[in-house]
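Engineer: Next up, structure-v6.csv (CSV, C-alpha atoms and all ligand atoms).
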chain,number,residue,atom,x,y,z
A,332,MET,CA,7.0,21.6,-57.6
A,333,ASN,CA,8.1,24.5,-55.4
A,334,ARG,CA,4.6,24.9,-54.1
A,335,ARG,CA,4.6,21.2,-53.1
A,336,VAL,CA,7.9,21.5,-51.2
A,337,ALA,CA,6.5,24.5,-49.4
A,338,LEU,CA,3.3,22.6,-48.6
A,339,ILE,CA,5.2,19.6,-47.1
A,340,GLY,CA,7.3,22.0,-45.0
A,341,GLY,CA,4.1,23.6,-43.7
A,342,MET,CA,2.7,20.2,-42.8
A,343,GLU,CA,5.8,19.2,-41.0
A,344,MET,CA,5.7,22.4,-39.0
A,345,MET,CA,2.1,21.7,-38.1
A,346,PHE,CA,2.9,18.2,-37.0
A,347,LEU,CA,5.7,19.4,-34.8
A,348,TRP,CA,3.4,22.1,-33.3
A,349,LEU,CA,0.8,19.4,-32.7
A,350,LEU,CA,3.4,17.2,-30.9
A,351,MET,CA,4.4,20.1,-28.7
A,352,THR,CA,0.9,21.2,-27.8
A,353,LEU,CA,0.1,17.5,-26.9
A,354,GLY,CA,3.1,17.5,-24.7
A,355,VAL,CA,4.7,14.6,-26.6
A,356,ALA,CA,8.3,14.3,-25.8
A,357,ILE,CA,10.7,14.4,-28.8
A,358,PRO,CA,13.6,12.2,-27.9
A,359,LEU,CA,16.8,14.1,-27.7
A,360,ALA,CA,20.3,12.7,-27.0
A,361,SER,CA,20.9,12.7,-23.2
A,362,ASN,CA,24.0,11.9,-21.2
A,363,LYS,CA,22.1,11.1,-18.1
A,364,THR,CA,22.1,7.6,-16.7
A,365,THR,CA,19.3,6.0,-14.6
A,366,GLU,CA,21.4,6.8,-11.5
A,367,ASP,CA,21.0,10.5,-12.1
A,368,TYR,CA,17.3,10.1,-11.4
A,369,GLY,CA,17.1,9.5,-7.6
A,370,ILE,CA,13.5,8.8,-6.5
A,371,PRO,CA,12.7,10.4,-3.2
A,372,PRO,CA,11.9,7.7,-0.5
A,373,GLU,CA,8.5,9.2,0.1
A,374,GLN,CA,7.7,8.5,-3.5
A,375,VAL,CA,9.0,4.9,-3.3
A,376,ALA,CA,6.8,4.3,-0.2
A,377,ASN,CA,3.8,5.7,-2.1
A,378,TYR,CA,4.5,3.3,-5.0
A,379,VAL,CA,4.8,0.3,-2.7
A,380,HIS,CA,1.7,1.3,-0.7
A,381,ALA,CA,-0.3,1.6,-4.0
A,382,ILE,CA,0.6,-2.0,-4.9
A,383,ILE,CA,-0.1,-3.4,-1.4
A,384,GLU,CA,-3.5,-1.7,-1.4
A,385,ALA,CA,-4.4,-2.7,-4.9
A,386,ASP,CA,-3.5,-6.4,-4.2
A,387,ARG,CA,-5.5,-6.4,-1.0
A,388,THR,CA,-8.6,-4.8,-2.7
A,389,ILE,CA,-8.5,-7.2,-5.6
A,390,TYR,CA,-8.1,-10.2,-3.3
A,391,THR,CA,-11.0,-9.0,-1.2
A,392,SER,CA,-13.4,-8.2,-4.0
A,393,HIS,CA,-12.5,-10.6,-6.8
A,394,VAL,CA,-11.6,-13.7,-4.6
A,395,VAL,CA,-13.1,-13.5,-1.1
A,396,ASN,CA,-16.3,-11.7,-1.7
A,397,ARG,CA,-17.0,-13.4,-5.1
A,398,LEU,CA,-16.4,-16.9,-3.8
A,399,GLN,CA,-18.4,-16.2,-0.6
A,400,ASP,CA,-21.3,-14.7,-2.5
A,401,GLN,CA,-21.4,-17.8,-4.8
A,402,GLY,CA,-21.4,-20.0,-1.7
A,403,ILE,CA,-18.2,-21.8,-2.8
A,404,VAL,CA,-15.8,-21.1,0.0
A,405,LYS,CA,-15.7,-18.6,2.9
A,406,ALA,CA,-12.8,-16.6,4.4
A,407,ASP,CA,-12.0,-17.6,7.9
A,408,GLU,CA,-9.3,-16.6,10.3
A,409,HIS,CA,-8.5,-20.3,10.9
A,410,TRP,CA,-8.3,-21.0,7.2
A,411,GLU,CA,-5.9,-23.8,7.5
A,412,GLN,CA,-8.0,-25.9,9.9
A,413,HIS,CA,-11.3,-25.0,8.2
A,414,ASN,CA,-10.2,-25.4,4.6
A,415,ALA,CA,-11.2,-21.8,4.0
A,416,LEU,CA,-9.7,-18.7,2.4
A,417,LEU,CA,-7.4,-16.5,4.4
A,418,LEU,CA,-8.6,-13.1,5.5
A,419,PRO,CA,-7.4,-10.1,3.6
A,420,ALA,CA,-5.4,-8.9,6.6
A,421,GLN,CA,-3.7,-12.3,6.8
A,422,PHE,CA,-3.0,-12.2,3.1
A,423,LEU,CA,-1.2,-8.8,3.6
A,424,GLN,CA,0.7,-10.0,6.7
A,425,LEU,CA,1.9,-13.3,5.0
A,426,ALA,CA,3.0,-11.5,1.8
A,427,GLY,CA,4.9,-9.0,4.1
A,428,ARG,CA,6.7,-11.9,5.7
A,429,LEU,CA,7.7,-13.3,2.3
A,430,VAL,CA,9.0,-9.9,1.3
A,431,ALA,CA,11.0,-9.7,4.5
A,432,GLU,CA,12.6,-13.1,3.8
A,433,LYS,CA,14.1,-11.6,0.6
A,434,ASN,CA,16.4,-9.7,2.9
A,435,ASN,CA,16.7,-6.7,0.7
A,436,GLY,CA,15.7,-4.4,3.5
A,437,ILE,CA,12.2,-3.5,2.5
A,438,ARG,CA,9.5,-4.5,5.0
A,439,TYR,CA,5.8,-3.9,5.6
A,440,ARG,CA,3.3,-4.8,8.3
A,441,LEU,CA,-0.3,-4.1,9.2
A,442,ILE,CA,-0.5,-2.8,12.8
A,443,SER,CA,-2.8,-1.1,15.2
A,444,LEU,CA,-3.1,0.7,18.5
A,445,TRP,CA,-6.0,-1.7,19.2
A,446,PRO,CA,-4.8,-5.0,17.6
A,447,ILE,CA,-6.6,-8.3,17.8
A,448,TYR,CA,-3.1,-9.9,18.2
A,449,ARG,CA,-0.4,-8.2,20.2
A,450,ARG,CA,2.1,-9.1,17.6
A,451,ASN,CA,0.4,-6.5,15.4
A,452,SER,CA,1.1,-3.7,18.0
A,453,PRO,CA,3.5,-0.9,17.2
A,454,ALA,CA,7.1,-2.1,17.7
A,455,THR,CA,8.6,1.2,18.6
A,456,GLU,CA,7.6,4.5,20.2
A,457,LEU,CA,7.8,6.1,16.7
A,458,GLU,CA,5.4,3.6,15.3
A,459,ARG,CA,3.0,4.4,18.1
A,460,LYS,CA,3.3,8.1,17.4
A,461,GLY,CA,2.8,7.4,13.7
A,462,LEU,CA,-0.4,5.4,14.4
A,463,GLU,CA,-1.8,8.3,16.5
A,464,ALA,CA,-0.9,10.8,13.8
A,465,VAL,CA,-2.7,8.9,11.1
A,466,ALA,CA,-5.7,8.3,13.3
A,467,ASP,CA,-6.0,12.1,13.7
A,468,ASN,CA,-5.1,12.9,10.1
A,469,PRO,CA,-5.7,9.8,7.9
A,470,GLU,CA,-5.1,11.6,4.6
A,471,ARG,CA,-1.4,12.1,5.3
A,472,PRO,CA,1.1,9.4,5.9
A,473,PHE,CA,3.4,9.8,8.9
A,474,THR,CA,7.0,9.7,7.8
A,475,SER,CA,10.3,9.4,9.6
A,476,MET,CA,13.9,8.3,9.3
A,477,VAL,CA,14.9,5.4,11.5
A,478,THR,CA,18.3,3.8,12.3
A,479,SER,CA,18.8,0.1,12.9
A,480,GLY,CA,22.4,-0.8,13.6
A,481,GLU,CA,24.5,1.0,11.1
A,482,LYS,CA,21.7,1.3,8.6
A,483,GLN,CA,19.3,4.1,7.9
A,484,PHE,CA,15.7,3.5,6.8
A,485,PHE,CA,12.8,5.6,5.7
A,486,GLN,CA,9.5,4.7,7.3
A,487,ALA,CA,6.0,5.7,6.3
A,488,ILE,CA,2.8,4.8,8.0
A,489,TYR,CA,-0.5,5.0,6.1
A,490,ALA,CA,-3.9,5.0,7.7
A,491,ASP,CA,-5.9,1.8,7.4
A,492,LYS,CA,-9.5,2.8,7.4
A,493,ALA,CA,-12.7,0.9,8.0
A,494,VAL,CA,-13.9,1.1,4.4
A,495,THR,CA,-16.7,-1.4,4.7
A,496,LYS,CA,-19.1,-2.5,7.4
A,497,ALA,CA,-17.4,-6.0,7.4
A,498,CYS,CA,-14.3,-4.4,8.9
A,499,ILE,CA,-16.0,-3.0,11.9
A,500,ASP,CA,-18.4,-5.9,12.4
A,501,CYS,CA,-15.6,-8.4,12.5
A,502,HIS,CA,-13.2,-6.4,14.7
A,503,ASN,CA,-15.9,-5.2,17.1
A,504,ASN,CA,-17.1,-8.7,17.7
A,505,HIS,CA,-13.8,-10.6,17.7
A,506,PRO,CA,-13.2,-12.1,21.2
A,507,LEU,CA,-9.6,-10.8,21.3
A,508,SER,CA,-10.3,-7.3,20.1
A,509,PRO,CA,-9.5,-4.7,22.7
A,510,LYS,CA,-11.8,-2.1,21.0
A,511,ARG,CA,-15.5,-2.8,20.2
A,512,ASP,CA,-16.7,0.6,19.0
A,513,PHE,CA,-15.0,1.0,15.6
A,514,THR,CA,-17.2,3.1,13.3
A,515,LEU,CA,-17.3,3.2,9.5
A,516,ASN,CA,-14.5,5.2,7.9
A,517,SER,CA,-12.6,5.4,11.2
A,518,THR,CA,-8.9,4.6,11.2
A,519,MET,CA,-8.4,1.1,12.5
A,520,GLY,CA,-4.6,0.9,12.2
A,521,GLY,CA,-1.9,1.5,9.7
A,522,ILE,CA,0.3,0.0,7.1
A,523,VAL,CA,4.0,0.5,8.0
A,524,ILE,CA,6.4,0.5,5.1
A,525,THR,CA,10.2,0.5,5.8
A,526,ILE,CA,12.6,1.2,3.0
A,527,PRO,CA,16.4,1.0,3.3
A,528,LEU,CA,18.3,4.1,2.3
A,529,ALA,CA,21.6,3.9,0.4
A,530,SER,CA,24.4,4.9,2.6
B,601,LIG,C1,-13.7,-11.6,9.2
B,601,LIG,C2,-13.0,-10.8,10.2
B,601,LIG,C3,-12.2,-9.6,9.7
B,601,LIG,C4,-12.6,-8.7,8.8
B,601,LIG,C5,-13.8,-8.6,7.9
B,601,LIG,C6,-11.5,-7.7,8.8
B,601,LIG,N1,-10.5,-8.0,9.7
B,601,LIG,FE1,-8.9,-6.9,10.2
B,601,LIG,N2,-8.2,-8.5,11.1
B,601,LIG,C7,-8.8,-9.7,11.4
B,601,LIG,C8,-8.0,-10.6,12.1
B,601,LIG,C9,-8.3,-12.0,12.6
B,601,LIG,C10,-6.7,-10.0,12.2
B,601,LIG,C11,-5.4,-10.5,12.7
B,601,LIG,C12,-4.7,-11.2,11.6
B,601,LIG,C13,-3.4,-11.8,12.1
B,601,LIG,O1,-2.4,-11.1,12.4
B,601,LIG,O2,-3.3,-13.0,12.1
B,601,LIG,C14,-6.9,-8.6,11.6
B,601,LIG,C15,-5.9,-7.7,11.6
B,601,LIG,C16,-6.2,-6.4,11.2
B,601,LIG,C17,-5.3,-5.3,11.5
B,601,LIG,C18,-3.9,-5.4,12.3
B,601,LIG,C19,-4.1,-5.2,13.8
B,601,LIG,C20,-4.9,-6.3,14.4
B,601,LIG,O3,-6.1,-6.1,14.7
B,601,LIG,O4,-4.3,-7.4,14.7
B,601,LIG,C21,-5.9,-4.1,11.0
B,601,LIG,C22,-5.3,-2.7,11.1
B,601,LIG,C23,-7.1,-4.5,10.4
B,601,LIG,N3,-7.3,-5.9,10.6
B,601,LIG,C24,-8.0,-3.7,9.7
B,601,LIG,C25,-9.1,-4.2,9.0
B,601,LIG,C26,-9.8,-3.4,8.0
B,601,LIG,C27,-9.5,-1.9,7.7
B,601,LIG,C28,-10.7,-4.2,7.5
B,601,LIG,C29,-11.7,-3.9,6.4
B,601,LIG,C30,-11.2,-3.4,5.1
B,601,LIG,C31,-10.6,-5.5,8.2
B,601,LIG,N4,-9.6,-5.4,9.1
B,601,LIG,C32,-11.5,-6.6,8.0
B,601,LIG,C33,-10.2,-9.9,11.2
B,601,LIG,C34,-10.9,-9.2,10.3
Now, as a test, write the supplied structure out as structure tokens.
Structural biologist:
Amino acid sequence: MNRRVALIGGMEMMFLWLLMTLGVAIPLASNKTTEDYGIPPEQVANYVHAIIEADRTIYTSHVVNRLQDQGIVKADEHWEQHNALLLPAQFLQLAGRLVAEKNNGIRYRLISLWPIYRRNSPATELERKGLEAVADNPERPFTSMVTSGEKQFFQAIYADKAVTKACIDCHNNHPLSPKRDFTLNSTMGGIVITIPLAS
């Protein structure tokens, strides 16, 4: 009997040790509330960027490319008139506008120093600087604090790179494109994400 108790004790110890080496958290009572865990704005922008990018990639590969390859329907800039699918860039811009309509302060846009449409140009000197910075150093987002009226915002600009030949073929040949020598993997523009900061 005693030997059995000792055996169970030993097994429990081993189980605890296993949990600890696997890094499994053992829940302990905590007085912290969710408000004690502020998330740095850089991190929030990274989260938002990851979602925008994932949605655009899935839309491009699983909707646009798939339906085009099967000859069902094409993507076309003038999708409304031509009964076509919207381009991934338009998908991103339209979703960004819908988010802005929520009026909760978060915004995002796809912009460029060489935009097909002038409305996709940098809106401020800081955005221009950010686009130049990510063109030079695409791996690092350009971040800054901006003030609008009484409110403070955090802004991050992420490089938008020519990941496929389709990107450069379309932009280099578009009648309104001011730049016709984009190369594969070059930075074509940037995704600007603006997040309101609690005052
Ligand atoms: C079939 C043509 C086409 C393809 C392919 C395409 N784009 Fe575009 N792109 C456009 C058009 C048209 C716009 C403008 C959309 C608008 O604002 O209405 C645009 C907008 C942009 C903008 C915003 C600045 C601007 O030029 O107005 C960036 C940055 C951009 N695209 C990058 C890319 C990248 C990166 C890829 C590849 C992953 C890509 N594009 C693929 C046609 C294309």
Engineer: Which residues of chain A come within 8 Å of ligand LIG 601 (chain B), and for each one, what is the closest pair of atoms and their distance in Å to one decimal, counting all atoms listed in the file, sorted by chain and residue number, as CSV?
Structural biologist:
residue,atom,partner,partner_atom,distance
A:Ala406,CA,B:LIG601,C1,7.0
A:Asp407,CA,B:LIG601,C1,6.4
A:Glu408,CA,B:LIG601,C9,5.2
A:Leu418,CA,B:LIG601,C1,6.5
A:Pro419,CA,B:LIG601,C32,7.0
A:Ala420,CA,B:LIG601,C15,5.2
A:Gln421,CA,B:LIG601,C12,5.0
A:Gln424,CA,B:LIG601,O1,6.6
A:Leu441,CA,B:LIG601,C18,4.9
A:Ile442,CA,B:LIG601,C18,4.3
A:Ser443,CA,B:LIG601,C19,4.5
A:Leu444,CA,B:LIG601,C19,7.6
A:Trp445,CA,B:LIG601,O3,6.3
A:Pro446,CA,B:LIG601,O3,3.4
A:Ile447,CA,B:LIG601,O3,3.8
A:Tyr448,CA,B:LIG601,O4,4.5
A:Arg449,CA,B:LIG601,O4,6.8
A:Arg450,CA,B:LIG601,O1,7.2
A:Asn451,CA,B:LIG601,O4,4.8
A:Ser452,CA,B:LIG601,C19,6.9
A:Asp491,CA,B:LIG601,C27,5.2
A:Lys492,CA,B:LIG601,C27,4.7
A:Ala493,CA,B:LIG601,C27,4.3
A:Val494,CA,B:LIG601,C30,5.3
A:Thr495,CA,B:LIG601,C29,5.8
A:Lys496,CA,B:LIG601,C29,7.6
A:Ala497,CA,B:LIG601,C5,4.5
A:Cys498,CA,B:LIG601,C29,3.6
A:Ile499,CA,B:LIG601,C32,7.0
A:Asp500,CA,B:LIG601,C5,7.0
A:Cys501,CA,B:LIG601,C2,4.2
A:His502,CA,B:LIG601,C34,5.7
A:His505,CA,B:LIG601,C33,7.5
A:Ser508,CA,B:LIG601,O3,6.9
A:Thr518,CA,B:LIG601,C27,7.4
A:Met519,CA,B:LIG601,C22,5.1
A:Gly520,CA,B:LIG601,C22,3.8
A:Gly521,CA,B:LIG601,C22,5.6
A:Ile522,CA,B:LIG601,C22,7.4
Engineer: How many Å separate atom CA of Val404 of chain A from atom CA of His380 of chain A?
Structural biologist: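 If I compute the distance from atom CA of Val404 of chain A to atom CA of His380 of chain A, I get 28.4 Å.
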Engineer: Quick check, in Å to one decimal: how far apart do atom CA of Tyr489 of chain A and atom CA of Pro469 of chain A lie?
Structural biologist: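 Straight-line distance from atom CA of Tyr489 of chain A to atom CA of Pro469 of chain A works out to 7.3 Å.
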Engineer: In terms of the shortest atom-to-atom distance over all atoms listed in the file, which of A:Ile389, A:Ala431, A:Leu425, A:Ile526 is closest to Ser475 of chain A?
Structural biologist: A:Ile526
Engineer: What does the distance between atom CA of Ala385 of chain A and atom CA of Trp410 of chain A come to in Å, to one decimal place?
Structural biologist: 22.3 Å
Engineer: Quick one: residues within 12 Å of Ile524 of chain A, all atoms listed in the file counted, chain neighbours fewer than 4 positions away excluded, as number ranges by chain?
Structural biologist: A: 372-383, 427, 430-431, 436-442, 458, 461, 472-477, 484-490
